[in-house]
Amino acid sequence: MSDALAMLGVNFAALIAVVLILWRFAVRIRDVSFIDAFWAFGMVLLAWGSAWQAGLAGPHGQLLFGLTSLWGLRLAIHLFRRWRAEGEDPRYQKILGGVMKQRGWSWPRSALVMVFLMQAPLLFLTCLPVQVGIWASAANTASAIGLIGWIGAVAALGGIAFESIGDAQLARFRADPANKGKVLDTGLWRYTRHPNYFGDTLTWWGLWLIAADLGPWVALASVAGPVFLTFTLTRWSGKALLEKGLHKTRPAYADYVRRTSGFVPWPPKTRG
């Protein structure tokens, strides 16, 4: 157990170091919006750091490493490209502007405390299933992947596919100037208002199941990761914050909310 704690300590210290470097870059360009892309890539870095320290001798660890890399690199590239194309995210402008006004902080301090130093520990927490799972797998290389682990792998792959398709559909919709101000309600977006968030959540519960397949203590030590992710995407900074803005900018959004599931995919209600 002391080896696991040491590995986690190194991972956390390295994550903070990277975050501080990114903060300095954000100060130079006066934009923190790229942190969304780093949220995904940061998970990959933690998986790589865990593998570098513990090794990848066990099948569970190899599966966790591969799936996390696939999920994180795909999402990081997608979000980075979106940031480069669309520029600063208004959500962060509002958050930082409010902090600067209420607390009298400078822009650099507001960005450091409210964005970078806040997201780093939450990113680390979310990624616990992968970090602990890789370590536990390396410590028990003879453990074959069981039914729970394979269910988790299928769930994770399904989540990655669901999120990827949803992101691609939204990107095509936004690329058409004729859709400005309209609501996307076709494809996966017909069955859930947030296919990307649902896919994200399904992926991380799947990764947790792979880790949990290694034993009850691994499951308990890492379950806070998917629990927190589910909470933040459904109740805190994800769905709740995004929809608050969409209600103001999309006149048809209220009707879309009435007939479309808020998270779990489900056939839409009739308009009658």
# chains A, B, ... in the order shown; residues from 1 in each chain; ligands from 1
>>> residues_around(residues="Tyr191 in chain A", least_positions_apart="4", cutoff="10 Å", atoms="only C-alpha atoms", output="JSON, numbers by chain")
{"A": [185, 186, 187, 195, 259, 260, 261, 262, 263, 264, 265, 266, 267, 268, 269]}
>>> residues_around(residues="Asp200 in chain A", least_positions_apart="5", cutoff="10 Å", atoms="only C-alpha atoms", output="PDB file with N, CA and C atoms, in the first residue's frame")
ATOM      1  N   TRP A  71      -9.596   7.221 -24.950  1.00  0.00           N
ATOM      2  CA  TRP A  71     -10.603   8.213 -24.567  1.00  0.00           C
ATOM      3  C   TRP A  71      -9.995   9.609 -24.455  1.00  0.00           C
ATOM      4  N   LEU A  75     -10.585  12.951 -26.973  1.00  0.00           N
ATOM      5  CA  LEU A  75     -11.328  14.084 -26.434  1.00  0.00           C
ATOM      6  C   LEU A  75     -10.446  15.326 -26.332  1.00  0.00           C
ATOM      7  N   ALA A 156     -16.932   0.989 -21.304  1.00  0.00           N
ATOM      8  CA  ALA A 156     -15.992   2.061 -21.627  1.00  0.00           C
ATOM      9  C   ALA A 156     -15.921   2.300 -23.132  1.00  0.00           C
ATOM     10  N   GLY A 158     -18.230   1.531 -25.285  1.00  0.00           N
ATOM     11  CA  GLY A 158     -19.519   2.094 -25.673  1.00  0.00           C
ATOM     12  C   GLY A 158     -19.600   3.577 -25.356  1.00  0.00           C
ATOM     13  N   GLY A 159     -19.076   3.960 -24.195  1.00  0.00           N
ATOM     14  CA  GLY A 159     -19.075   5.368 -23.822  1.00  0.00           C
ATOM     15  C   GLY A 159     -18.215   6.210 -24.739  1.00  0.00           C
ATOM     16  N   ILE A 160     -17.040   5.690 -25.104  1.00  0.00           N
ATOM     17  CA  ILE A 160     -16.153   6.408 -26.016  1.00  0.00           C
ATOM     18  C   ILE A 160     -16.827   6.601 -27.374  1.00  0.00           C
ATOM     19  N   ALA A 161     -17.460   5.545 -27.872  1.00  0.00           N
ATOM     20  CA  ALA A 161     -18.151   5.631 -29.163  1.00  0.00           C
ATOM     21  C   ALA A 161     -19.322   6.612 -29.096  1.00  0.00           C
ATOM     22  N   PHE A 162     -20.106   6.540 -28.026  1.00  0.00           N
ATOM     23  CA  PHE A 162     -21.271   7.407 -27.876  1.00  0.00           C
ATOM     24  C   PHE A 162     -20.844   8.872 -27.826  1.00  0.00           C
ATOM     25  N   GLU A 163     -19.834   9.157 -27.032  1.00  0.00           N
ATOM     26  CA  GLU A 163     -19.344  10.529 -26.906  1.00  0.00           C
ATOM     27  C   GLU A 163     -18.753  11.033 -28.221  1.00  0.00           C
ATOM     28  N   SER A 164     -17.997  10.184 -28.903  1.00  0.00           N
ATOM     29  CA  SER A 164     -17.360  10.572 -30.159  1.00  0.00           C
ATOM     30  C   SER A 164     -18.397  10.894 -31.234  1.00  0.00           C
ATOM     31  N   HIS A 194     -27.506  15.518 -23.772  1.00  0.00           N
ATOM     32  CA  HIS A 194     -26.060  15.563 -23.542  1.00  0.00           C
ATOM     33  C   HIS A 194     -25.405  14.214 -23.820  1.00  0.00           C
ATOM     34  N   PRO A 195     -25.350  13.798 -25.086  1.00  0.00           N
ATOM     35  CA  PRO A 195     -24.701  12.523 -25.398  1.00  0.00           C
ATOM     36  C   PRO A 195     -23.219  12.506 -25.061  1.00  0.00           C
ATOM     37  N   TRP A 205     -17.359   4.943 -15.594  1.00  0.00           N
ATOM     38  CA  TRP A 205     -17.903   3.843 -14.800  1.00  0.00           C
ATOM     39  C   TRP A 205     -17.380   2.509 -15.336  1.00  0.00           C
ATOM     40  N   GLY A 206     -17.191   2.440 -16.652  1.00  0.00           N
ATOM     41  CA  GLY A 206     -16.605   1.236 -17.228  1.00  0.00           C
ATOM     42  C   GLY A 206     -15.173   1.022 -16.773  1.00  0.00           C
ATOM     43  N   PRO A 226     -15.625   7.993 -10.434  1.00  0.00           N
ATOM     44  CA  PRO A 226     -16.835   8.080 -11.263  1.00  0.00           C
ATOM     45  C   PRO A 226     -18.020   8.736 -10.544  1.00  0.00           C
ATOM     46  N   LEU A 229     -17.417  12.442 -11.008  1.00  0.00           N
ATOM     47  CA  LEU A 229     -17.626  12.828 -12.403  1.00  0.00           C
ATOM     48  C   LEU A 229     -19.114  12.881 -12.735  1.00  0.00           C
ATOM     49  N   THR A 230     -19.856  11.894 -12.281  1.00  0.00           N
ATOM     50  CA  THR A 230     -21.299  11.880 -12.526  1.00  0.00           C
ATOM     51  C   THR A 230     -21.965  13.096 -11.893  1.00  0.00           C
ATOM     52  N   LEU A 233     -20.987  16.405 -13.859  1.00  0.00           N
ATOM     53  CA  LEU A 233     -21.567  16.527 -15.193  1.00  0.00           C
ATOM     54  C   LEU A 233     -23.078  16.705 -15.157  1.00  0.00           C
TER      55      LEU A 233
END
>>> select_by_dssp(residues="range 219-267 of chain A", states="alpha helix (DSSP H)", output="ChimeraX atom specification")
/A:219-222,224-234,239-249,253-259
>>> residues_around(residues="Leu96 in chain A", least_positions_apart="5", cutoff="9 Å", atoms="only C-alpha atoms", output="tab-separated table (two decimals) with all heavy atoms, in the first residue's frame")
chain	number	residue	atom	x	y	z
A	91	ARG	N	-18.05	31.02	-20.61
A	91	ARG	CA	-18.25	30.56	-19.24
A	91	ARG	C	-17.10	30.99	-18.34
A	91	ARG	O	-17.30	31.44	-17.21
A	91	ARG	CB	-18.38	29.04	-19.21
A	91	ARG	CG	-19.60	28.46	-19.87
A	91	ARG	CD	-19.55	26.95	-19.80
A	91	ARG	NE	-18.34	26.43	-20.42
A	91	ARG	CZ	-17.83	25.22	-20.21
A	91	ARG	NH1	-18.43	24.40	-19.36
A	91	ARG	NH2	-16.74	24.82	-20.83
A	101	LYS	N	-14.41	40.84	-9.64
A	101	LYS	CA	-15.27	41.91	-9.14
A	101	LYS	C	-15.60	41.73	-7.66
A	101	LYS	O	-15.54	42.69	-6.87
A	101	LYS	CB	-16.55	41.95	-9.96
A	101	LYS	CG	-17.52	43.06	-9.56
A	101	LYS	CD	-18.74	43.07	-10.46
A	101	LYS	CE	-19.70	44.18	-10.06
A	101	LYS	NZ	-20.92	44.21	-10.94
A	107	TRP	N	-6.45	39.17	-12.52
A	107	TRP	CA	-6.79	38.09	-13.45
A	107	TRP	C	-5.90	36.87	-13.23
A	107	TRP	O	-6.42	35.74	-13.16
A	107	TRP	CB	-6.69	38.58	-14.90
A	107	TRP	CG	-7.32	37.64	-15.89
A	107	TRP	CD1	-8.58	37.69	-16.38
A	107	TRP	CD2	-6.70	36.49	-16.49
A	107	TRP	NE1	-8.80	36.65	-17.25
A	107	TRP	CE2	-7.66	35.90	-17.35
A	107	TRP	CE3	-5.45	35.91	-16.40
A	107	TRP	CZ2	-7.39	34.75	-18.11
A	107	TRP	CZ3	-5.17	34.76	-17.14
A	107	TRP	CH2	-6.14	34.19	-17.98
A	110	SER	N	-7.01	35.01	-10.06
A	110	SER	CA	-8.32	34.40	-10.25
A	110	SER	C	-8.21	33.14	-11.08
A	110	SER	O	-8.82	32.11	-10.78
A	110	SER	CB	-9.27	35.39	-10.92
A	110	SER	OG	-9.44	36.55	-10.14
A	111	ALA	N	-7.42	33.21	-12.15
A	111	ALA	CA	-7.24	32.04	-13.02
A	111	ALA	C	-6.54	30.91	-12.28
A	111	ALA	O	-6.92	29.74	-12.41
A	111	ALA	CB	-6.43	32.44	-14.25
A	114	MET	N	-9.19	29.71	-9.17
A	114	MET	CA	-10.53	29.26	-9.54
A	114	MET	C	-10.56	28.27	-10.70
A	114	MET	O	-11.56	27.59	-10.89
A	114	MET	CB	-11.40	30.47	-9.89
A	114	MET	CG	-11.54	31.47	-8.76
A	114	MET	SD	-12.17	30.72	-7.22
A	114	MET	CE	-13.77	30.14	-7.75
A	115	VAL	N	-9.47	28.20	-11.46
A	115	VAL	CA	-9.46	27.30	-12.61
A	115	VAL	C	-8.40	26.21	-12.45
A	115	VAL	O	-8.70	25.04	-12.32
A	115	VAL	CB	-9.24	28.07	-13.93
A	115	VAL	CG1	-9.19	27.10	-15.12
A	115	VAL	CG2	-10.36	29.08	-14.14
>>> closest_residue(among="A:Gly245, A:Gly225, A:Pro251, A:Gly58", to="Gly181 in chain A", atoms="only C-alpha atoms")
A:Pro251
>>> atom_distance(atom1="CA of Leu128 in chain A", atom2="CA of Asn140 in chain A")
17.9 Å
>>> residues_around(residues="range 34-49 of chain A", least_positions_apart="3", cutoff="7 Å", atoms="only C-alpha atoms", output="number ranges by chain")
A: 11, 52-53, 65, 68-69, 72-73, 75-76, 79-80, 83, 123, 127, 130-131
>>> write_last_selection(atoms="N, CA and C atoms", output="mmCIF file, in the first residue's frame")
data_model
loop_
_atom_site.group_PDB
_atom_site.id
_atom_site.type_symbol
_atom_site.label_atom_id
_atom_site.label_comp_id
_atom_site.auth_asym_id
_atom_site.auth_seq_id
_atom_site.Cartn_x
_atom_site.Cartn_y
_atom_site.Cartn_z
ATOM 1 N N ASN A 11 2.465 11.227 -8.919
ATOM 2 C CA ASN A 11 1.509 11.655 -9.953
ATOM 3 C C ASN A 11 0.918 13.021 -9.638
ATOM 4 N N TRP A 52 4.388 4.112 -15.906
ATOM 5 C CA TRP A 52 5.843 4.301 -15.842
ATOM 6 C C TRP A 52 6.391 3.866 -14.488
ATOM 7 N N GLN A 53 5.637 4.136 -13.432
ATOM 8 C CA GLN A 53 6.102 3.787 -12.092
ATOM 9 C C GLN A 53 5.815 2.339 -11.706
ATOM 10 N N PHE A 65 -4.880 1.259 -19.285
ATOM 11 C CA PHE A 65 -3.943 2.154 -19.973
ATOM 12 C C PHE A 65 -4.415 2.436 -21.401
ATOM 13 N N THR A 68 -7.940 4.395 -21.474
ATOM 14 C CA THR A 68 -7.786 5.784 -21.023
ATOM 15 C C THR A 68 -7.074 6.615 -22.073
ATOM 16 N N SER A 69 -6.048 6.052 -22.685
ATOM 17 C CA SER A 69 -5.321 6.767 -23.743
ATOM 18 C C SER A 69 -6.235 7.037 -24.928
ATOM 19 N N GLY A 72 -8.896 9.720 -23.708
ATOM 20 C CA GLY A 72 -8.332 11.026 -23.405
ATOM 21 C C GLY A 72 -7.724 11.729 -24.598
ATOM 22 N N LEU A 73 -6.988 11.001 -25.427
ATOM 23 C CA LEU A 73 -6.364 11.641 -26.582
ATOM 24 C C LEU A 73 -7.416 12.098 -27.587
ATOM 25 N N LEU A 75 -10.585 12.951 -26.973
ATOM 26 C CA LEU A 75 -11.328 14.084 -26.434
ATOM 27 C C LEU A 75 -10.446 15.326 -26.332
ATOM 28 N N ALA A 76 -9.200 15.168 -25.941
ATOM 29 C CA ALA A 76 -8.301 16.316 -25.820
ATOM 30 C C ALA A 76 -8.093 16.992 -27.175
ATOM 31 N N LEU A 79 -11.361 18.848 -28.153
ATOM 32 C CA LEU A 79 -11.590 20.083 -27.400
ATOM 33 C C LEU A 79 -10.547 21.146 -27.717
ATOM 34 N N PHE A 80 -9.318 20.730 -27.992
ATOM 35 C CA PHE A 80 -8.274 21.696 -28.347
ATOM 36 C C PHE A 80 -8.598 22.348 -29.687
ATOM 37 N N TRP A 83 -11.360 24.831 -29.223
ATOM 38 C CA TRP A 83 -10.871 26.068 -28.607
ATOM 39 C C TRP A 83 -10.149 26.937 -29.625
ATOM 40 N N LEU A 123 -9.375 16.551 -11.163
ATOM 41 C CA LEU A 123 -8.905 15.678 -12.230
ATOM 42 C C LEU A 123 -8.233 14.441 -11.635
ATOM 43 N N CYS A 127 -9.547 10.402 -11.833
ATOM 44 C CA CYS A 127 -8.697 9.401 -12.464
ATOM 45 C C CYS A 127 -8.227 8.304 -11.504
ATOM 46 N N VAL A 130 -8.140 4.497 -12.684
ATOM 47 C CA VAL A 130 -7.054 4.130 -13.588
ATOM 48 C C VAL A 130 -5.728 4.044 -12.840
ATOM 49 N N GLN A 131 -5.470 5.022 -11.988
ATOM 50 C CA GLN A 131 -4.201 5.029 -11.260
ATOM 51 C C GLN A 131 -4.089 3.826 -10.313
#
>>> closest_residue(among="A:Lys239, A:Arg193, A:Arg24, A:Lys244", to="Tyr256 in chain A", atoms="only C-alpha atoms")
A:Arg193
>>> atom_distance(atom1="CA of Pro108 in chain A", atom2="CA of Ala120 in chain A")
16.4 Å
>>> closest_residue(among="A:Gln62, A:Trp217, A:Trp150, A:Gly104", to="Met1 in chain A", atoms="only C-alpha atoms")
A:Trp217
>>> decode(residues="range 196-213 of chain A", atoms="N, CA, C and O atoms", output="compact mmCIF listing (two decimals), in the first residue's frame")
# COMPACT_ATOMS: atom_id res chain seq x y z
N ASN A 196 -22.58 13.68 -25.13
CA ASN A 196 -21.15 13.73 -24.77
C ASN A 196 -20.95 13.49 -23.28
O ASN A 196 -20.06 12.72 -22.87
N TYR A 197 -21.77 14.11 -22.46
CA TYR A 197 -21.65 13.91 -21.01
C TYR A 197 -22.03 12.48 -20.61
O TYR A 197 -21.39 11.88 -19.74
N PHE A 198 -23.07 11.95 -21.25
CA PHE A 198 -23.46 10.58 -20.93
C PHE A 198 -22.36 9.60 -21.33
O PHE A 198 -22.02 8.68 -20.58
N GLY A 199 -21.78 9.80 -22.51
CA GLY A 199 -20.69 8.94 -22.95
C GLY A 199 -19.48 9.03 -22.04
O GLY A 199 -18.83 8.01 -21.73
N ASP A 200 -19.18 10.23 -21.59
CA ASP A 200 -18.07 10.44 -20.65
C ASP A 200 -18.30 9.65 -19.36
O ASP A 200 -17.41 8.96 -18.86
N THR A 201 -19.50 9.77 -18.83
CA THR A 201 -19.84 9.09 -17.58
C THR A 201 -19.79 7.57 -17.74
O THR A 201 -19.25 6.86 -16.89
N LEU A 202 -20.36 7.07 -18.84
CA LEU A 202 -20.35 5.63 -19.09
C LEU A 202 -18.92 5.11 -19.21
O LEU A 202 -18.60 4.03 -18.70
N THR A 203 -18.06 5.88 -19.85
CA THR A 203 -16.66 5.48 -19.99
C THR A 203 -16.00 5.30 -18.64
O THR A 203 -15.33 4.28 -18.38
N TRP A 204 -16.19 6.26 -17.75
CA TRP A 204 -15.48 6.21 -16.47
C TRP A 204 -16.07 5.21 -15.50
O TRP A 204 -15.35 4.65 -14.67
N TRP A 205 -17.36 4.94 -15.59
CA TRP A 205 -17.90 3.84 -14.80
C TRP A 205 -17.38 2.51 -15.34
O TRP A 205 -17.14 1.57 -14.57
N GLY A 206 -17.19 2.44 -16.65
CA GLY A 206 -16.61 1.24 -17.23
C GLY A 206 -15.17 1.02 -16.77
O GLY A 206 -14.78 -0.10 -16.42
N LEU A 207 -14.38 2.09 -16.76
CA LEU A 207 -13.00 1.99 -16.28
C LEU A 207 -12.97 1.58 -14.81
O LEU A 207 -12.10 0.80 -14.38
N TRP A 208 -13.91 2.12 -14.03
CA TRP A 208 -13.97 1.73 -12.62
C TRP A 208 -14.28 0.24 -12.47
O TRP A 208 -13.71 -0.44 -11.62
N LEU A 209 -15.17 -0.29 -13.29
CA LEU A 209 -15.50 -1.71 -13.22
C LEU A 209 -14.28 -2.58 -13.53
O LEU A 209 -14.08 -3.63 -12.92
N ILE A 210 -13.47 -2.13 -14.48
CA ILE A 210 -12.24 -2.88 -14.78
C ILE A 210 -11.34 -2.90 -13.56
O ILE A 210 -10.77 -3.95 -13.20
N ALA A 211 -11.18 -1.76 -12.91
CA ALA A 211 -10.35 -1.69 -11.70
C ALA A 211 -10.98 -2.50 -10.57
O ALA A 211 -10.29 -3.23 -9.85
N ALA A 212 -12.31 -2.40 -10.44
CA ALA A 212 -13.01 -3.11 -9.37
C ALA A 212 -12.89 -4.61 -9.51
O ALA A 212 -13.00 -5.35 -8.51
N ASP A 213 -12.67 -5.08 -10.72
CA ASP A 213 -12.51 -6.51 -10.97
C ASP A 213 -11.28 -7.08 -10.26
O ASP A 213 -11.16 -8.29 -10.08
